[in-house]
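Reproduced below: work13.cif, with mmCIF, C-alpha atoms.
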```
data_work
#
loop_
_atom_site.group_PDB
_atom_site.id
_atom_site.type_symbol
_atom_site.label_atom_id
_atom_site.label_comp_id
_atom_site.auth_asym_id
_atom_site.auth_seq_id
_atom_site.Cartn_x
_atom_site.Cartn_y
_atom_site.Cartn_z
ATOM 1 C CA SER A 1 0.000 0.000 0.000
ATOM 2 C CA LEU A 2 1.038 3.591 -0.556
ATOM 3 C CA PRO A 3 2.387 5.525 2.407
ATOM 4 C CA PRO A 4 0.250 8.388 3.792
ATOM 5 C CA ARG A 5 0.413 11.712 1.956
ATOM 6 C CA CYS A 6 -1.574 14.962 1.940
ATOM 7 C CA TRP A 7 -1.636 18.472 0.514
ATOM 8 C CA SER A 8 -1.116 21.609 2.531
ATOM 9 C CA PRO A 9 -4.483 23.288 3.291
ATOM 10 C CA ILE A 10 -2.899 26.745 2.828
ATOM 11 C CA ARG A 11 -0.354 26.444 0.025
ATOM 12 C CA PRO A 12 -1.565 24.645 -3.143
ATOM 13 C CA SER A 13 1.999 23.840 -4.249
ATOM 14 C CA VAL A 14 3.078 22.098 -1.006
ATOM 15 C CA PHE A 15 2.364 18.483 -0.075
ATOM 16 C CA PHE A 16 3.763 15.968 2.405
ATOM 17 C CA ILE A 17 4.758 12.310 1.967
ATOM 18 C CA THR A 18 5.795 9.808 4.647
ATOM 19 C CA LYS A 19 8.087 6.831 4.043
ATOM 20 C CA MET A 20 8.571 3.392 5.496
ATOM 21 C CA ASP A 21 12.017 4.354 6.812
ATOM 22 C CA GLY A 22 10.504 6.985 9.130
ATOM 23 C CA THR A 23 11.241 9.958 6.861
ATOM 24 C CA MET A 24 8.788 12.701 5.892
ATOM 25 C CA ASP A 25 9.358 14.578 2.621
ATOM 26 C CA VAL A 26 8.028 18.096 2.080
ATOM 27 C CA TRP A 27 7.538 19.019 -1.588
ATOM 28 C CA ASP A 28 7.143 22.515 -3.026
ATOM 29 C CA ILE A 29 6.565 21.962 -6.749
ATOM 30 C CA ILE A 30 6.956 25.652 -7.576
ATOM 31 C CA PHE A 31 10.396 25.676 -6.029
ATOM 32 C CA LYS A 32 11.560 22.220 -7.165
ATOM 33 C CA GLN A 33 9.896 19.407 -9.132
ATOM 34 C CA ASN A 34 12.456 16.588 -9.146
ATOM 35 C CA ASP A 35 13.443 16.418 -5.487
ATOM 36 C CA PRO A 36 11.742 17.194 -2.186
ATOM 37 C CA THR A 37 12.315 20.643 -0.739
ATOM 38 C CA LEU A 38 12.857 19.202 2.734
ATOM 39 C CA SER A 39 13.385 15.711 4.198
ATOM 40 C CA LEU A 40 12.985 15.071 7.930
ATOM 41 C CA GLN A 41 13.942 11.897 9.770
ATOM 42 C CA VAL A 42 10.985 11.674 12.159
ATOM 43 C CA CYS A 43 11.750 8.245 13.644
ATOM 44 C CA ASP A 44 13.400 4.899 12.833
ATOM 45 C CA VAL A 45 10.188 2.950 12.222
ATOM 46 C CA PRO A 46 7.648 3.246 9.378
ATOM 47 C CA LEU A 47 5.221 6.154 9.441
ATOM 48 C CA HIS A 48 1.612 5.004 8.987
ATOM 49 C CA SER A 49 -0.412 8.219 9.465
ATOM 50 C CA LEU A 50 -0.152 11.888 8.579
ATOM 51 C CA ARG A 51 -2.325 14.923 9.310
ATOM 52 C CA VAL A 52 -1.769 18.643 8.674
ATOM 53 C CA GLN A 53 -3.281 21.397 10.788
ATOM 54 C CA GLU A 54 -5.912 23.583 9.106
ATOM 55 C CA GLN A 55 -3.593 26.595 9.369
ATOM 56 C CA GLY A 56 -0.825 24.485 7.748
ATOM 57 C CA ARG A 57 1.718 25.251 10.491
ATOM 58 C CA LEU A 58 1.714 21.919 12.403
ATOM 59 C CA VAL A 59 2.055 18.377 11.045
ATOM 60 C CA ALA A 60 1.321 15.216 13.065
ATOM 61 C CA CYS A 61 2.923 11.881 12.107
ATOM 62 C CA GLY A 62 1.979 8.496 13.590
ATOM 63 C CA SER A 63 4.549 5.682 13.532
ATOM 64 C CA LYS A 64 4.210 1.906 13.587
ATOM 65 C CA ASP A 65 5.050 1.631 17.276
ATOM 66 C CA GLY A 66 2.195 3.988 18.209
ATOM 67 C CA THR A 67 4.273 7.124 18.663
ATOM 68 C CA THR A 68 2.830 10.445 17.453
ATOM 69 C CA THR A 69 5.278 13.194 16.486
ATOM 70 C CA LEU A 70 4.160 16.827 16.170
ATOM 71 C CA LEU A 71 6.230 18.963 13.786
ATOM 72 C CA GLU A 72 6.176 22.736 13.355
ATOM 73 C CA LEU A 73 6.966 23.981 9.871
ATOM 74 C CA SER A 74 8.833 27.114 8.910
ATOM 75 C CA GLU A 75 6.789 30.148 7.917
ATOM 76 C CA GLY A 76 7.665 29.789 4.233
ATOM 77 C CA LEU A 77 5.915 26.394 4.071
ATOM 78 C CA TYR A 78 2.543 27.613 5.367
ATOM 79 C CA THR A 79 2.389 31.185 4.033
ATOM 80 C CA LEU A 80 0.580 31.591 0.720
ATOM 81 C CA GLN A 81 2.856 33.040 -1.934
ATOM 82 C CA ARG A 82 1.890 35.683 -4.464
ATOM 83 C CA ASN A 83 0.050 34.258 -7.550
ATOM 84 C CA GLU A 84 0.708 30.743 -6.228
ATOM 85 C CA LYS A 85 -2.702 29.403 -7.236
ATOM 86 C CA ASN A 86 -2.344 30.703 -10.804
ATOM 87 C CA LEU A 87 1.184 29.328 -11.070
ATOM 88 C CA VAL A 88 0.117 25.876 -9.878
ATOM 89 C CA THR A 89 -2.943 25.886 -12.157
ATOM 90 C CA ASN A 90 -0.834 26.830 -15.178
ATOM 91 C CA MET A 91 1.703 24.149 -14.277
ATOM 92 C CA PHE A 92 -0.969 21.440 -14.069
ATOM 93 C CA GLU A 93 -2.551 22.574 -17.343
ATOM 94 C CA ARG A 94 0.850 22.570 -19.067
ATOM 95 C CA GLU A 95 1.651 19.089 -17.775
ATOM 96 C CA THR A 96 -1.805 17.870 -18.831
ATOM 97 C CA ARG A 97 -1.263 19.142 -22.379
ATOM 98 C CA ARG A 98 2.198 17.619 -22.458
ATOM 99 C CA GLU A 99 0.827 14.285 -21.283
ATOM 100 C CA LYS A 100 -1.838 14.343 -23.999
ATOM 101 C CA ILE A 101 0.759 15.147 -26.656
ATOM 102 C CA LEU A 102 3.031 12.369 -25.438
ATOM 103 C CA ASP A 103 0.109 9.944 -25.271
ATOM 104 C CA ALA A 104 -0.964 10.811 -28.822
ATOM 105 C CA ARG A 105 2.609 10.404 -30.029
ATOM 106 C CA HIS A 106 2.873 7.059 -28.255
ATOM 107 C CA ARG A 107 -0.370 5.824 -29.837
ATOM 108 C CA GLU A 108 0.841 6.981 -33.254
ATOM 109 C CA MET A 109 4.110 5.088 -32.859
ATOM 110 C CA LYS A 110 2.280 1.958 -31.679
ATOM 111 C CA LEU A 111 -0.090 2.189 -34.670
ATOM 112 C CA LYS A 112 2.837 2.454 -37.080
ATOM 113 C CA GLU A 113 4.558 -0.515 -35.449
ATOM 114 C CA ARG A 114 1.310 -2.505 -35.540
ATOM 115 C CA ASN A 115 0.790 -1.763 -39.239
ATOM 116 C CA LYS A 116 4.384 -2.632 -40.007
ATOM 117 C CA SER A 117 4.248 -5.858 -38.027
ATOM 118 C CA GLY A 118 0.882 -6.661 -39.643
ATOM 119 C CA MET A 119 2.362 -6.342 -43.116
ATOM 120 C CA GLU A 120 5.367 -8.450 -42.161
ATOM 121 C CA GLY A 121 3.119 -10.906 -40.345
ATOM 122 C CA GLY A 122 0.884 -11.235 -43.400
ATOM 123 C CA LYS A 123 3.886 -12.104 -45.536
ATOM 124 C CA GLU A 124 5.120 -14.586 -42.958
ATOM 125 C CA GLU A 125 1.650 -16.127 -42.621
ATOM 126 C CA GLY A 126 1.458 -16.500 -46.377
ATOM 127 C CA GLN A 127 4.848 -18.159 -46.433
ATOM 128 C CA GLU A 128 3.919 -20.392 -43.508
ATOM 129 C CA LYS A 129 0.645 -21.303 -45.191
ATOM 130 C CA ASN A 130 2.458 -22.244 -48.367
ATOM 131 C CA ALA A 131 4.943 -24.209 -46.318
ATOM 132 C CA ASP A 132 2.117 -26.008 -44.530
ATOM 133 C CA ASP A 133 0.502 -26.827 -47.866
ATOM 134 C CA ASP A 134 3.777 -28.257 -49.106
ATOM 135 C CA GLU A 135 4.098 -30.527 -46.093
ATOM 136 C CA GLY A 136 1.730 -33.003 -47.727
ATOM 137 C CA PRO A 137 4.235 -35.003 -49.824
ATOM 138 C CA PRO A 138 6.754 -37.224 -48.030
ATOM 139 C CA GLU A 139 10.242 -35.928 -47.388
ATOM 140 C CA GLU A 140 11.759 -38.379 -49.899
ATOM 141 C CA ASP A 141 9.511 -37.032 -52.665
ATOM 142 C CA LEU A 142 10.635 -33.503 -51.857
ATOM 143 C CA TYR A 143 14.278 -34.510 -52.142
ATOM 144 C CA ALA A 144 13.619 -36.338 -55.425
ATOM 145 C CA LYS A 145 11.700 -33.355 -56.806
ATOM 146 C CA ALA A 146 14.442 -30.940 -55.796
ATOM 147 C CA GLU A 147 17.084 -33.163 -57.401
ATOM 148 C CA LYS A 148 15.054 -33.486 -60.609
ATOM 149 C CA ASP A 149 14.528 -29.726 -60.767
ATOM 150 C CA PHE A 150 18.225 -29.177 -60.256
ATOM 151 C CA PHE A 151 19.235 -31.468 -63.095
ATOM 152 C CA ASP A 152 16.530 -30.016 -65.362
ATOM 153 C CA ILE A 153 18.019 -26.591 -64.778
ATOM 154 C CA ILE A 154 21.508 -27.903 -65.588
ATOM 155 C CA GLU A 155 20.289 -29.551 -68.791
ATOM 156 C CA GLY A 156 18.512 -26.369 -69.820
ATOM 157 C CA GLU A 157 21.665 -24.336 -69.305
ATOM 158 C CA LYS A 158 23.707 -26.847 -71.280
ATOM 159 C CA LYS A 159 21.273 -26.611 -74.207
ATOM 160 C CA LYS A 160 21.631 -22.846 -74.245
ATOM 161 C CA MET A 161 25.425 -23.076 -74.493
ATOM 162 C CA PRO A 162 27.002 -23.572 -77.993
ATOM 163 C CA ASP A 163 28.379 -27.040 -78.774
ATOM 164 C CA PRO A 164 32.178 -26.798 -79.156
ATOM 165 C CA THR A 165 32.237 -29.942 -81.322
ATOM 166 C CA GLN A 166 29.948 -28.337 -83.885
ATOM 167 C CA ASP A 167 32.089 -25.248 -84.014
ATOM 168 C CA PHE A 168 35.167 -27.382 -84.565
ATOM 169 C CA GLU A 169 33.547 -29.349 -87.424
ATOM 170 C CA LYS A 170 32.310 -26.141 -89.091
ATOM 171 C CA SER A 171 35.722 -24.521 -89.001
ATOM 172 C CA ASP A 172 37.685 -27.622 -90.203
ATOM 173 C CA PRO A 173 35.399 -29.641 -92.492
ATOM 174 C CA GLY A 174 36.689 -33.035 -93.526
ATOM 175 C CA LYS A 175 39.714 -32.846 -91.274
ATOM 176 C CA ALA A 176 40.642 -36.272 -90.042
ATOM 177 C CA SER A 177 41.223 -37.121 -86.451
ATOM 178 C CA PRO A 178 44.787 -36.385 -85.350
ATOM 179 C CA ILE A 179 44.960 -39.873 -83.776
ATOM 180 C CA PRO A 180 45.592 -42.466 -86.494
ATOM 181 C CA GLU A 181 43.687 -45.690 -86.405
ATOM 182 C CA GLU A 182 45.657 -48.878 -86.968
ATOM 183 C CA GLY A 183 44.349 -51.246 -89.610
ATOM 184 C CA GLU A 184 45.606 -54.554 -90.916
ATOM 185 C CA GLY A 185 49.332 -54.839 -91.300
ATOM 186 C CA GLY A 186 49.977 -52.115 -88.760
ATOM 187 C CA GLU A 187 49.260 -49.321 -91.233
ATOM 188 C CA ALA A 188 47.472 -46.312 -89.990
ATOM 189 C CA LYS A 189 44.111 -45.489 -91.511
ATOM 190 C CA GLY A 190 43.121 -41.995 -92.233
ATOM 191 C CA ALA A 191 46.690 -40.680 -91.772
ATOM 192 C CA PRO A 192 47.583 -37.757 -94.019
ATOM 193 C CA GLU A 193 49.810 -38.582 -96.988
ATOM 194 C CA THR A 194 51.973 -35.549 -96.580
ATOM 195 C CA SER A 195 54.391 -35.498 -93.710
ATOM 196 C CA THR A 196 54.426 -32.684 -91.230
ATOM 197 C CA GLU A 197 57.578 -30.642 -91.260
ATOM 198 C CA THR A 198 58.849 -28.959 -88.201
ATOM 199 C CA LYS A 199 60.348 -25.568 -88.753
ATOM 200 C CA LYS A 200 63.162 -24.519 -86.576
ATOM 201 C CA ASP A 201 63.679 -20.883 -85.954
#
```
Just give me the structure as structure tokens.
Amino acid sequence: SLPPRCWSPIRPSVFFITKMDGTMDVWDIIFKQNDPTLSLQVCDVPLHSLRVQEQGRLVACGSKDGTTTLLELSEGLYTLQRNEKNLVTNMFERETRREKILDARHREMKLKERNKSGMEGGKEEGQEKNADDDEGPPEEDLYAKAEKDFFDIIEGEKKKMPDPTQDFEKSDPGKASPIPEEGEGGEAKGAPETSTETKKD
């Protein structure tokens, strides 16, 4: 549960908070917003009750062991400052507008993230659906199909490439094989009649 806290009945910018370590914090939000203006160590046990006098000068704190401590505040903490109500009202209105702006910005960012994740999720769902549909055939059939597709692609690429043998035959028509074939009697068939001469430079 939250520790006891209360506003000053005189000054609209001053409020009091007790802690479980026996400390009471006095906040003046016009003077400072991030830290308490004053911290008092009332006792060494948790404070469970808090009450401020109607004139705002005295504060009573009740501790866990049943002890009641009466504190007297300085004059600056219970004397109404000039234009204090207007300053506090303007501060609350400014913070309310800032909170609305931040909340709208946060909703806008969440909507963008949701739309982005929805688009990505739709793609992933489509892929998962296709994957689920493909889970029908056995795993062996998938491997066989993938292997067949691979070799079909290879054969298609080979057909697109020019045949080097045809190019060779077109460039040297009627040229006999450079390797002679041996016939009867050890004579080579298809060997050229003219001898090849080697030129020496």
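Distances here use only C-alpha atoms; by that measure, the residue among A:Leu2, A:Cys61, A:Ile17, A:Ile30 closest to Asn83 in chain A is A:Ile30.
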- Message: Selection in question (the file shown): the PyMOL selection byres ((chain A and resi 27) around 10). Which residues does it include, as a count of residues only?
- Response: 23
- Between CA of Leu73 in chain A and CA of Val59 in chain A, what is the spacing in Å?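 Straight-line distance from CA of Val59 in chain A to CA of Leu73 in chain A works out to 7.5 Å.
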- For the file shown, report as a PyMOL selection string the outcome of the PyMOL selection byres ((chain A and resi 57) around 10) at residue level. chain A and resi 8-10+52-56+58-59+71-79
Quick one: residues within 8 Å of range 43-45 of chain A, all atoms listed in the file, excluding same-chain residues fewer than 6 positions away - as a compact mmCIF listing (two decimals) with C-alpha atoms, in the frame of the given file?
```txt
# COMPACT_ATOMS: atom_id res chain seq x y z
CA MET A 20 8.57 3.39 5.50
CA ASP A 21 12.02 4.35 6.81
CA GLY A 22 10.50 6.98 9.13
CA THR A 23 11.24 9.96 6.86
CA SER A 63 4.55 5.68 13.53
CA LYS A 64 4.21 1.91 13.59
CA ASP A 65 5.05 1.63 17.28
```
- State, in Å with one decimal place, the distance from CA of Arg11 in chain A to CA of Thr89 in chain A. 12.5 Å
- Task: Choose the residue, out of A:Asp103, A:Pro12, A:Ser49, A:Met109, that has the smallest atom-to-atom separation from Val88 in chain A; count all atoms listed in the file.
- Result: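 When distances to Val88 in chain A are compared using all atoms listed in the file, the smallest one comes from A:Pro12.
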- Query: Could you state the separation of CA of Leu80 in chain A and CA of Val42 in chain A in Å, given to one decimal place?
  - Reply: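 That distance, rounded to one decimal, is 25.2 Å.
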